Structure formats: C-alpha cells, structure tokens
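To start, the structure itself, in structure tokens.
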Amino acid sequence: MEITSDSLLPFYESHLRNHVLPFWMPLVDTKHGGLLNCIENDGTIVSFDKYLWSQCRVLWTFSALYHHI
C-alpha cells in the first residue's frame, strides 16, 4: 500500500479533533485570556505563568485551524 498525503489526511484530522484539541481546550484561560501551557504531560497545571511566545504560537495555531477546518 502506497502512503500518500490523501491517505493520511483522515487519520491526522481525526487525531486532531479527537485527541489534540480535547487535550488543549480545557487549558484555555477564560478568566484572564490566553492558554495555560506550563503543564505536565498529563495536562496537570504546574504554573499559571504565560509567556508571550507561547501565546502568539497558540493564537496562530488556533487561527489557522479555524480557517482550515
């Protein structure tokens, strides 16, 4: 079986919708804005600090997802 980008697209879209976004969405800080990203691998919040570079990265990523999905 030849692996092509068309054959991988359903897998990656499913993984994004069912695993990646559900992991990050609870970390959106609805009270102060931004995304809590000082976390352990299991999603446990380590710090409520937010760094500009990471906030810009998530803004770009969520904006791209909005326009493409």
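Just remember, in the structure tokens the first chain shown is A, the second B, etc., residues are 1-based per chain, and ligands are 1-based in the order shown.
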All residues 12 Å or closer to Asn41 in chain A, only C-alpha atoms, same chain fewer than 5 positions away omitted, as a PyMOL selection string: chain A and resi 23-24+46
Taking the backbone alone, and naming residues the way the document does, which bits of range 8-57 of chain A are strand (DSSP E or B) by DSSP, as a ChimeraX atom specification? /A:28,35,38-39,45-47
How far is it from CA of His67 in chain A to CA of Lys50 in chain A, in Å with one decimal? 25.0 Å
Looking at only C-alpha atoms, which of A:Val28, A:Ala64, A:Ile69, A:Leu9 is the one that sits closest to Gly43 in chain A? A:Val28
Can you list, as a PyMOL selection string, every protein, DNA or RNA residue that comes within 10 Å of range 55-58 of chain A when you count only C-alpha atoms, leaving out same-chain residues fewer than 6 positions away? chain A and resi 24+33-37+64
All helix (DSSP H, G or I) positions in chain A, as a PyMOL selection string: chain A and resi 5-27+52-68
Include C-alpha atoms and write out the residues we just selected as a PDB file, in the first residue's frame.
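So again-v8.pdb came out as:
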ATOM      1  CA  SER A   5      -0.946  12.651   1.866  1.00  0.00           C
ATOM      2  CA  ASP A   6      -4.529  11.882   0.793  1.00  0.00           C
ATOM      3  CA  SER A   7      -4.467   8.555   2.612  1.00  0.00           C
ATOM      4  CA  LEU A   8      -3.057  10.126   5.797  1.00  0.00           C
ATOM      5  CA  LEU A   9      -5.429  13.104   5.916  1.00  0.00           C
ATOM      6  CA  PRO A  10      -8.357  11.265   7.590  1.00  0.00           C
ATOM      7  CA  PHE A  11      -6.043   9.889  10.293  1.00  0.00           C
ATOM      8  CA  TYR A  12      -4.482  13.262  11.112  1.00  0.00           C
ATOM      9  CA  GLU A  13      -7.797  15.107  11.066  1.00  0.00           C
ATOM     10  CA  SER A  14      -9.350  12.500  13.370  1.00  0.00           C
ATOM     11  CA  HIS A  15      -6.369  12.634  15.731  1.00  0.00           C
ATOM     12  CA  LEU A  16      -6.510  16.424  15.823  1.00  0.00           C
ATOM     13  CA  ARG A  17     -10.246  16.529  16.562  1.00  0.00           C
ATOM     14  CA  ASN A  18     -10.376  13.606  18.993  1.00  0.00           C
ATOM     15  CA  HIS A  19      -7.087  13.877  20.887  1.00  0.00           C
ATOM     16  CA  VAL A  20      -5.119  17.097  20.377  1.00  0.00           C
ATOM     17  CA  LEU A  21      -7.886  19.700  20.652  1.00  0.00           C
ATOM     18  CA  PRO A  22      -9.695  17.970  23.568  1.00  0.00           C
ATOM     19  CA  PHE A  23      -6.363  17.977  25.456  1.00  0.00           C
ATOM     20  CA  TRP A  24      -5.730  21.720  24.959  1.00  0.00           C
ATOM     21  CA  MET A  25      -9.239  23.217  25.083  1.00  0.00           C
ATOM     22  CA  PRO A  26      -9.686  22.823  28.882  1.00  0.00           C
ATOM     23  CA  LEU A  27      -6.461  24.816  29.297  1.00  0.00           C
ATOM     24  CA  LEU A  52       4.364  35.828  25.044  1.00  0.00           C
ATOM     25  CA  TRP A  53       5.971  33.468  22.510  1.00  0.00           C
ATOM     26  CA  SER A  54       3.677  30.603  23.509  1.00  0.00           C
ATOM     27  CA  GLN A  55       0.575  32.802  23.469  1.00  0.00           C
ATOM     28  CA  CYS A  56       1.457  34.016  19.965  1.00  0.00           C
ATOM     29  CA  ARG A  57       2.028  30.426  18.843  1.00  0.00           C
ATOM     30  CA  VAL A  58      -1.374  29.259  20.106  1.00  0.00           C
ATOM     31  CA  LEU A  59      -3.076  32.314  18.568  1.00  0.00           C
ATOM     32  CA  TRP A  60      -1.540  31.487  15.186  1.00  0.00           C
ATOM     33  CA  THR A  61      -2.358  27.770  15.519  1.00  0.00           C
ATOM     34  CA  PHE A  62      -5.994  28.261  16.564  1.00  0.00           C
ATOM     35  CA  SER A  63      -6.465  30.886  13.840  1.00  0.00           C
ATOM     36  CA  ALA A  64      -5.080  28.511  11.204  1.00  0.00           C
ATOM     37  CA  LEU A  65      -7.326  25.700  12.480  1.00  0.00           C
ATOM     38  CA  TYR A  66     -10.352  27.984  12.342  1.00  0.00           C
ATOM     39  CA  HIS A  67      -9.646  28.846   8.699  1.00  0.00           C
ATOM     40  CA  HIS A  68      -8.839  25.287   7.595  1.00  0.00           C
TER      41      HIS A  68
END
